[in-house]
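Asks: What follows is final.csv; its format and atoms are CSV, C-alpha atoms.
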```
chain,number,residue,atom,x,y,z
X,1,MET,CA,14.3,-8.5,-0.7
X,2,SER,CA,11.7,-11.0,0.5
X,3,THR,CA,8.0,-11.6,0.8
X,4,VAL,CA,6.1,-12.6,4.0
X,5,THR,CA,2.5,-13.6,4.4
X,6,LEU,CA,0.5,-11.7,7.0
X,7,THR,CA,-2.6,-13.0,8.7
X,8,ALA,CA,-5.2,-10.4,9.7
X,9,ALA,CA,-7.5,-10.6,12.7
X,10,ASP,CA,-10.3,-11.9,10.4
X,11,GLY,CA,-8.1,-14.7,9.1
X,12,HIS,CA,-7.4,-13.1,5.7
X,13,SER,CA,-3.9,-13.8,4.4
X,14,CYS,CA,-2.0,-10.8,2.8
X,15,PRO,CA,1.4,-10.9,1.1
X,16,ALA,CA,3.8,-8.1,1.9
X,17,TYR,CA,7.2,-7.0,0.6
X,18,VAL,CA,9.9,-6.8,3.2
X,19,ALA,CA,13.2,-4.9,3.0
X,20,ARG,CA,15.7,-5.5,5.8
X,21,PRO,CA,18.5,-3.2,7.0
X,22,ALA,CA,22.1,-4.3,7.1
X,23,GLY,CA,22.4,-4.1,10.8
X,24,THR,CA,20.2,-3.9,13.9
X,25,PRO,CA,17.0,-2.0,12.9
X,26,LYS,CA,16.4,1.5,14.2
X,27,GLY,CA,12.7,0.6,14.2
X,28,GLY,CA,9.9,-0.7,12.0
X,29,LEU,CA,8.3,1.0,9.1
X,30,VAL,CA,5.1,0.2,7.2
X,31,VAL,CA,5.0,1.6,3.6
X,32,LEU,CA,1.6,1.9,2.0
X,33,GLN,CA,1.2,1.7,-1.8
X,34,GLU,CA,-0.4,4.2,-4.2
X,35,ILE,CA,-3.2,2.9,-6.4
X,36,PHE,CA,-0.6,1.2,-8.6
X,37,GLY,CA,0.1,-1.7,-6.2
X,38,VAL,CA,3.4,-2.8,-4.6
X,39,ASN,CA,5.3,-2.0,-7.8
X,40,SER,CA,8.9,-1.2,-8.5
X,41,HIS,CA,8.6,2.3,-7.1
X,42,ILE,CA,7.1,1.2,-3.8
X,43,ARG,CA,9.7,-1.5,-3.5
X,44,SER,CA,12.4,1.1,-4.1
X,45,VAL,CA,11.0,3.3,-1.4
X,46,ALA,CA,11.0,0.3,1.0
X,47,ASP,CA,14.6,-0.5,0.0
X,48,GLY,CA,15.6,3.1,0.6
X,49,TYR,CA,14.3,3.3,4.1
X,50,ALA,CA,15.9,-0.1,4.8
X,51,ALA,CA,19.2,1.3,3.7
X,52,ASP,CA,18.6,4.1,6.3
X,53,GLY,CA,18.3,1.4,9.0
X,54,TYR,CA,14.6,0.5,9.2
X,55,LEU,CA,12.9,-2.9,8.9
X,56,VAL,CA,10.3,-2.1,6.3
X,57,ILE,CA,7.2,-3.9,5.2
X,58,ALA,CA,4.9,-3.0,2.3
X,59,PRO,CA,1.6,-4.9,2.4
X,60,HIS,CA,-0.4,-5.6,-0.8
X,61,THR,CA,-3.5,-3.5,0.2
X,62,PHE,CA,-5.3,-4.5,-3.0
X,63,HIS,CA,-5.0,-8.2,-2.2
X,64,ARG,CA,-8.6,-8.5,-0.8
X,65,VAL,CA,-10.0,-7.7,-4.3
X,66,GLN,CA,-7.1,-8.8,-6.6
X,67,ALA,CA,-3.8,-10.5,-6.1
X,68,GLY,CA,-0.5,-9.5,-7.5
X,69,VAL,CA,-1.3,-6.0,-8.7
X,70,GLU,CA,1.7,-4.2,-10.1
X,71,LEU,CA,0.8,-1.3,-12.4
X,72,GLY,CA,2.7,1.5,-14.1
X,73,TYR,CA,1.6,5.1,-14.6
X,74,THR,CA,-0.2,5.2,-17.9
X,75,GLU,CA,-3.8,6.5,-18.2
X,76,ALA,CA,-5.0,2.9,-18.5
X,77,ASP,CA,-3.0,2.0,-15.3
X,78,MET,CA,-4.6,4.9,-13.6
X,79,GLN,CA,-8.1,3.8,-14.4
X,80,THR,CA,-7.4,0.2,-13.3
X,81,GLY,CA,-5.9,1.5,-10.1
X,82,PHE,CA,-8.9,3.7,-9.4
X,83,GLY,CA,-11.2,0.7,-9.9
X,84,LEU,CA,-9.3,-1.4,-7.5
X,85,LYS,CA,-9.2,1.3,-4.9
X,86,THR,CA,-13.0,1.8,-5.2
X,87,ALA,CA,-13.5,-1.9,-4.7
X,88,VAL,CA,-11.3,-2.0,-1.6
X,89,GLU,CA,-13.0,1.1,-0.2
X,90,ALA,CA,-16.4,-0.6,-0.7
X,91,LEU,CA,-15.4,-3.7,1.5
X,92,PRO,CA,-17.1,-4.0,4.8
X,93,ALA,CA,-15.1,-2.4,7.6
X,94,PRO,CA,-12.3,-2.8,8.6
X,95,GLY,CA,-11.3,-4.2,5.2
X,96,ALA,CA,-7.7,-3.5,4.2
X,97,MET,CA,-7.2,-1.7,7.6
X,98,ALA,CA,-7.0,-5.2,9.1
X,99,ASP,CA,-4.1,-6.0,6.8
X,100,ILE,CA,-2.3,-2.8,7.7
X,101,GLN,CA,-2.7,-3.7,11.4
X,102,ALA,CA,-1.2,-7.1,10.7
X,103,ALA,CA,1.8,-5.3,9.0
X,104,ILE,CA,2.2,-3.0,12.0
X,105,ASP,CA,2.2,-6.0,14.4
X,106,TRP,CA,4.7,-7.9,12.3
X,107,VAL,CA,7.2,-5.1,11.9
X,108,ALA,CA,7.0,-4.3,15.6
X,109,GLN,CA,9.7,-7.0,16.1
X,110,ALA,CA,12.1,-4.2,15.1
X,111,GLY,CA,11.0,-1.8,17.9
X,112,LYS,CA,8.8,1.3,17.6
X,113,VAL,CA,6.8,1.5,14.4
X,114,GLY,CA,6.2,4.3,11.9
X,115,ILE,CA,3.9,4.3,8.9
X,116,LEU,CA,4.1,6.2,5.6
X,117,GLY,CA,2.2,6.1,2.4
X,118,PHE,CA,1.5,7.9,-0.8
X,119,CYS,CA,-1.7,9.0,-2.6
X,120,TRP,CA,-4.3,6.4,-1.5
X,121,GLY,CA,-1.6,5.0,0.8
X,122,GLY,CA,-1.4,8.5,2.3
X,123,LEU,CA,-5.1,8.4,3.1
X,124,LEU,CA,-4.7,4.9,4.6
X,125,THR,CA,-1.7,6.2,6.6
X,126,TRP,CA,-3.8,9.0,8.0
X,127,ARG,CA,-6.6,6.5,8.9
X,128,SER,CA,-4.0,4.3,10.5
X,129,ALA,CA,-2.8,7.2,12.6
X,130,CYS,CA,-6.4,7.8,13.7
X,131,GLN,CA,-7.6,4.2,14.2
X,132,LEU,CA,-4.9,1.6,14.6
X,133,ARG,CA,-2.7,0.5,17.5
X,134,GLY,CA,1.0,0.1,17.9
X,135,LEU,CA,2.2,3.1,16.0
X,136,SER,CA,4.6,5.8,17.1
X,137,ALA,CA,4.6,8.1,14.0
X,138,ALA,CA,2.8,8.6,10.7
X,139,VAL,CA,3.8,10.3,7.5
X,140,PRO,CA,1.1,10.6,4.8
X,141,TYR,CA,2.2,12.0,1.5
X,142,TYR,CA,-0.6,13.8,-0.5
X,143,GLY,CA,-3.3,11.6,0.9
X,144,GLY,CA,-6.3,12.0,-1.3
X,145,GLY,CA,-9.5,12.5,0.8
X,146,MET,CA,-7.7,13.0,4.1
X,147,THR,CA,-8.4,16.8,4.2
X,148,VAL,CA,-12.2,16.5,3.7
X,149,GLY,CA,-15.3,14.8,5.1
X,150,ALA,CA,-15.1,12.2,7.9
X,151,ASP,CA,-11.4,11.6,7.3
X,152,GLY,CA,-10.7,15.3,7.5
X,153,ALA,CA,-12.5,15.4,10.8
X,154,ALA,CA,-10.7,12.4,12.3
X,155,GLN,CA,-8.0,13.0,14.9
X,156,ALA,CA,-4.6,11.3,14.9
X,157,THR,CA,-3.5,9.5,18.1
X,158,VAL,CA,0.2,9.6,17.1
X,159,PRO,CA,2.7,12.3,16.0
X,160,THR,CA,2.0,12.9,12.3
X,161,LEU,CA,3.9,14.7,9.5
X,162,ALA,CA,1.8,15.4,6.4
X,163,HIS,CA,3.3,16.3,3.0
X,164,PHE,CA,1.2,18.1,0.4
X,165,ALA,CA,1.8,19.8,-2.9
X,166,THR,CA,0.7,23.4,-3.8
X,167,ASP,CA,-0.7,22.5,-7.2
X,168,ASP,CA,-2.5,19.2,-6.5
X,169,HIS,CA,-5.7,18.9,-8.6
X,170,TRP,CA,-6.8,16.0,-6.4
X,171,ILE,CA,-6.3,17.8,-3.1
X,172,PRO,CA,-7.4,21.5,-3.3
X,173,LEU,CA,-5.1,23.8,-1.5
X,174,ASP,CA,-7.9,25.4,0.5
X,175,THR,CA,-8.7,22.0,2.0
X,176,VAL,CA,-5.1,21.6,3.0
X,177,HIS,CA,-5.1,25.0,4.8
X,178,ALA,CA,-8.4,24.0,6.5
X,179,PHE,CA,-6.9,20.7,7.6
X,180,ALA,CA,-3.8,22.4,9.0
X,181,LYS,CA,-6.0,24.8,11.0
X,182,ALA,CA,-8.1,22.0,12.4
X,183,HIS,CA,-5.2,19.8,13.2
X,184,THR,CA,-2.7,22.0,15.0
X,185,GLY,CA,-0.9,18.9,16.3
X,186,VAL,CA,-0.1,17.7,12.8
X,187,GLN,CA,3.0,19.0,11.1
X,188,VAL,CA,1.8,20.1,7.7
X,189,GLN,CA,4.4,20.7,5.0
X,190,LEU,CA,3.7,22.2,1.5
X,191,TYR,CA,5.9,21.7,-1.5
X,192,GLU,CA,5.9,23.5,-4.9
X,193,GLY,CA,4.6,20.9,-7.4
X,194,HIS,CA,1.9,18.4,-8.2
X,195,HIS,CA,0.3,15.2,-6.8
X,196,GLY,CA,2.8,12.4,-6.9
X,197,PHE,CA,5.9,14.6,-6.6
X,198,ASN,CA,7.8,11.9,-4.7
X,199,CYS,CA,7.6,9.3,-7.4
X,200,ASP,CA,10.5,9.4,-9.9
X,201,GLN,CA,8.5,7.2,-12.3
X,202,ARG,CA,5.8,9.9,-12.8
X,203,ALA,CA,5.8,13.0,-14.8
X,204,SER,CA,4.9,14.9,-11.7
X,205,TRP,CA,8.2,14.0,-10.0
X,206,ASN,CA,9.9,16.9,-8.4
X,207,ALA,CA,13.4,15.9,-7.3
X,208,ALA,CA,14.0,18.9,-5.0
X,209,ALA,CA,10.6,18.5,-3.3
X,210,ALA,CA,11.1,14.7,-2.9
X,211,THR,CA,14.5,15.1,-1.4
X,212,LEU,CA,13.4,17.8,1.0
X,213,ALA,CA,10.3,15.7,2.1
X,214,ARG,CA,12.4,12.6,2.6
X,215,GLY,CA,14.9,14.4,4.7
X,216,ARG,CA,12.1,15.8,6.9
X,217,THR,CA,10.6,12.3,7.1
X,218,LEU,CA,13.9,10.7,8.2
X,219,GLU,CA,14.3,13.4,10.9
X,220,PHE,CA,10.7,12.9,12.0
X,221,LEU,CA,11.1,9.1,12.2
X,222,ALA,CA,14.4,9.4,14.1
X,223,THR,CA,12.7,11.7,16.7
X,224,HIS,CA,9.7,9.4,17.3
X,225,LEU,CA,11.1,5.9,16.7
X,226,VAL,CA,14.0,6.1,19.1
```
Show me this structure written as structure tokens.

Replies:
Amino acid sequence: MSTVTLTAADGHSCPAYVARPAGTPKGGLVVLQEIFGVNSHIRSVADGYAADGYLVIAPHTFHRVQAGVELGYTEADMQTGFGLKTAVEALPAPGAMADIQAAIDWVAQAGKVGILGFCWGGLLTWRSACQLRGLSAAVPYYGGGMTVGADGAAQATVPTLAHFATDDHWIPLDTVHAFAKAHTGVQVQLYEGHHGFNCDQRASWNAAAATLARGRTLEFLATHLV
């Protein structure tokens, strides 16, 4: 467990949580937070992928609007997180994408780089797959907004595996089907359950779905980060 400070192309400094593997890394992995900050769950995700052999970095993508954000999953936390997300999304481009690029560049010391993220981080993962350089794989989990509008029309430039839930009130299922039809190069996987099914700190956690998605993710990363 450690923290590094990234410097984006515009000079902005951004802290990031780093989890290191026991031996030589299989590759690098960027993990992008939900709207709840780089909290204990996101750190546990990073630690888990480090245990699987990857050098992992989780940048604080709220840092441009508020430092040190670490929320839980109450309704009040949800409202706070939505407000922070809205503030980051309102920043002039590239905004937090510059910090994600800095994270990609940093973790490339481990070899090929993959990126994965959840919720808002899933959307940022999709944007990264479409816009940023230095990636070899992307895995967005239930990225809110990635199936519609300009984000839904964007095209990934790297292999992408996208995980969605069948009963996600933030991401209507018909938009997932439309996304899959429009992006035949993206591997779209559906799981019985709700938004946030991967997070064991949320009521929507689905252990079976989370385990299946993680297994598919590890297989996907092993294929593209070799």

Asks: Near X:Gly28, within 6 Å and counting all atoms listed in the file, which residues show up once chain neighbours fewer than 6 positions away are dropped, as a list in words?

Replies: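 Residues meeting the cut-off are Tyr54, Leu55, Val56, Val107, Ala108, Ala110 and Val113 of chain X.
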
Asks: Counting all atoms listed in the file, select every polymer residue within 10 Å of (8.8, -4.0, 8.1) as defined in the file's coordinates, and provide the selection as a tab-separated table (two decimals) with C-alpha atoms, in the coordinates of the input.

Replies:
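The resulting selection-v5.tsv:
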```
chain	number	residue	atom	x	y	z
X	4	VAL	CA	6.10	-12.60	4.00
X	16	ALA	CA	3.80	-8.10	1.90
X	17	TYR	CA	7.20	-7.00	0.60
X	18	VAL	CA	9.90	-6.80	3.20
X	19	ALA	CA	13.20	-4.90	3.00
X	20	ARG	CA	15.70	-5.50	5.80
X	21	PRO	CA	18.50	-3.20	7.00
X	25	PRO	CA	17.00	-2.00	12.90
X	27	GLY	CA	12.70	0.60	14.20
X	28	GLY	CA	9.90	-0.70	12.00
X	29	LEU	CA	8.30	1.00	9.10
X	30	VAL	CA	5.10	0.20	7.20
X	31	VAL	CA	5.00	1.60	3.60
X	46	ALA	CA	11.00	0.30	1.00
X	49	TYR	CA	14.30	3.30	4.10
X	50	ALA	CA	15.90	-0.10	4.80
X	54	TYR	CA	14.60	0.50	9.20
X	55	LEU	CA	12.90	-2.90	8.90
X	56	VAL	CA	10.30	-2.10	6.30
X	57	ILE	CA	7.20	-3.90	5.20
X	58	ALA	CA	4.90	-3.00	2.30
X	59	PRO	CA	1.60	-4.90	2.40
X	103	ALA	CA	1.80	-5.30	9.00
X	104	ILE	CA	2.20	-3.00	12.00
X	105	ASP	CA	2.20	-6.00	14.40
X	106	TRP	CA	4.70	-7.90	12.30
X	107	VAL	CA	7.20	-5.10	11.90
X	108	ALA	CA	7.00	-4.30	15.60
X	109	GLN	CA	9.70	-7.00	16.10
X	110	ALA	CA	12.10	-4.20	15.10
X	113	VAL	CA	6.80	1.50	14.40
X	114	GLY	CA	6.20	4.30	11.90
X	115	ILE	CA	3.90	4.30	8.90
```

Asks: What's the separation between atom CA of X:Ala87 and atom CA of X:Glu75, in Å to one decimal place?

Replies: 18.6 Å

Asks: Smallest atom-to-atom distance to X:His224: which of X:Ser128, X:Thr147, X:Thr160, X:Gln79, using only C-alpha atoms?

Replies: X:Thr160

Asks: Please identify all polymer residues within 7 Å of stretch 161-172 of chain X, counting all atoms listed in the file, omitting same-chain residues fewer than 5 positions from it, and present them as a PyMOL selection string.

Replies: chain X and resi 138-142+144+186-195

Asks: Determine the nearest neighbour of X:Leu84 from the options X:Ala67, X:Leu116, X:Ala129, X:Ile35, counting only C-alpha atoms.

Replies: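 So, comparing all the options, the nearest one is X:Ile35.
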
Asks: Can you pull out every residue within 8 Å of stretch 63-66 of chain X, counting only C-alpha atoms, but drop anything in the same chain fewer than 3 positions away, and send it as number ranges by chain?

Replies: X: 14-15, 60, 69, 84, 87-88, 95-96

Asks: For a test of reading the model, state the distance in Å between atom CA of X:Trp126 and atom CA of X:Thr24, rounded to one decimal.

Replies: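 We find that atom CA of X:Trp126 and atom CA of X:Thr24 lie 27.9 Å from each other.
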
Asks: Find, counting only C-alpha atoms, the residue in X:Val45, X:Ala178, X:Leu124, X:Ala156 that gets nearest to X:Gln101.

Replies: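 Of X:Val45, X:Ala178, X:Leu124, X:Ala156, the one nearest X:Gln101 is X:Leu124, counting only C-alpha atoms.
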
Asks: Record the distance separating atom CA of X:Ala22 and atom CA of X:Leu212, expressed in Å with one decimal.

Replies: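 That distance, rounded to one decimal, is 24.5 Å.
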
Asks: Pick out the residues sitting within 9 Å of X:Glu70, and hand them over as a ChimeraX atom specification; count only C-alpha atoms, and ignore anything fewer than 3 positions along from it in its own chain.

Replies: /X:36-40

Asks: With N, CA and C atoms as the goal, would you fill in the gaps in stretch 136-149 of chain X and present it as a PDB file, keeping the file's coordinate frame?

Replies:
```pdb
ATOM      1  N   SER X 136       3.952   4.720  16.438  1.00  0.00           N
ATOM      2  CA  SER X 136       4.600   5.800  17.100  1.00  0.00           C
ATOM      3  C   SER X 136       4.768   7.051  16.260  1.00  0.00           C
ATOM      4  N   ALA X 137       4.519   6.930  14.958  1.00  0.00           N
ATOM      5  CA  ALA X 137       4.600   8.100  14.000  1.00  0.00           C
ATOM      6  C   ALA X 137       3.942   7.714  12.732  1.00  0.00           C
ATOM      7  N   ALA X 138       3.443   8.756  12.039  1.00  0.00           N
ATOM      8  CA  ALA X 138       2.800   8.600  10.700  1.00  0.00           C
ATOM      9  C   ALA X 138       3.169   9.684   9.804  1.00  0.00           C
ATOM     10  N   VAL X 139       3.399   9.315   8.520  1.00  0.00           N
ATOM     11  CA  VAL X 139       3.800  10.300   7.500  1.00  0.00           C
ATOM     12  C   VAL X 139       3.017  10.088   6.226  1.00  0.00           C
ATOM     13  N   PRO X 140       1.836  10.691   6.110  1.00  0.00           N
ATOM     14  CA  PRO X 140       1.100  10.600   4.800  1.00  0.00           C
ATOM     15  C   PRO X 140       1.619  11.609   3.819  1.00  0.00           C
ATOM     16  N   TYR X 141       1.821  11.130   2.604  1.00  0.00           N
ATOM     17  CA  TYR X 141       2.200  12.000   1.500  1.00  0.00           C
ATOM     18  C   TYR X 141       0.912  12.161   0.615  1.00  0.00           C
ATOM     19  N   TYR X 142       0.525  13.410   0.394  1.00  0.00           N
ATOM     20  CA  TYR X 142      -0.600  13.800  -0.500  1.00  0.00           C
ATOM     21  C   TYR X 142      -1.740  12.727  -0.451  1.00  0.00           C
ATOM     22  N   GLY X 143      -2.276  12.547   0.747  1.00  0.00           N
ATOM     23  CA  GLY X 143      -3.300  11.600   0.900  1.00  0.00           C
ATOM     24  C   GLY X 143      -4.667  12.079   0.393  1.00  0.00           C
ATOM     25  N   GLY X 144      -5.094  11.579  -0.736  1.00  0.00           N
ATOM     26  CA  GLY X 144      -6.300  12.000  -1.300  1.00  0.00           C
ATOM     27  C   GLY X 144      -7.547  11.701  -0.460  1.00  0.00           C
ATOM     28  N   GLY X 145      -8.305  12.707  -0.057  1.00  0.00           N
ATOM     29  CA  GLY X 145      -9.500  12.500   0.800  1.00  0.00           C
ATOM     30  C   GLY X 145      -9.246  12.768   2.247  1.00  0.00           C
ATOM     31  N   MET X 146      -7.988  12.876   2.679  1.00  0.00           N
ATOM     32  CA  MET X 146      -7.700  13.000   4.100  1.00  0.00           C
ATOM     33  C   MET X 146      -8.002  14.431   4.629  1.00  0.00           C
ATOM     34  N   THR X 147      -8.198  15.385   3.724  1.00  0.00           N
ATOM     35  CA  THR X 147      -8.400  16.800   4.200  1.00  0.00           C
ATOM     36  C   THR X 147      -9.903  17.153   4.187  1.00  0.00           C
ATOM     37  N   VAL X 148     -10.783  16.221   3.828  1.00  0.00           N
ATOM     38  CA  VAL X 148     -12.200  16.500   3.700  1.00  0.00           C
ATOM     39  C   VAL X 148     -13.054  15.456   4.379  1.00  0.00           C
ATOM     40  N   GLY X 149     -14.324  15.792   4.636  1.00  0.00           N
ATOM     41  CA  GLY X 149     -15.300  14.800   5.100  1.00  0.00           C
ATOM     42  C   GLY X 149     -14.945  14.171   6.428  1.00  0.00           C
TER      43      GLY X 149
END
```
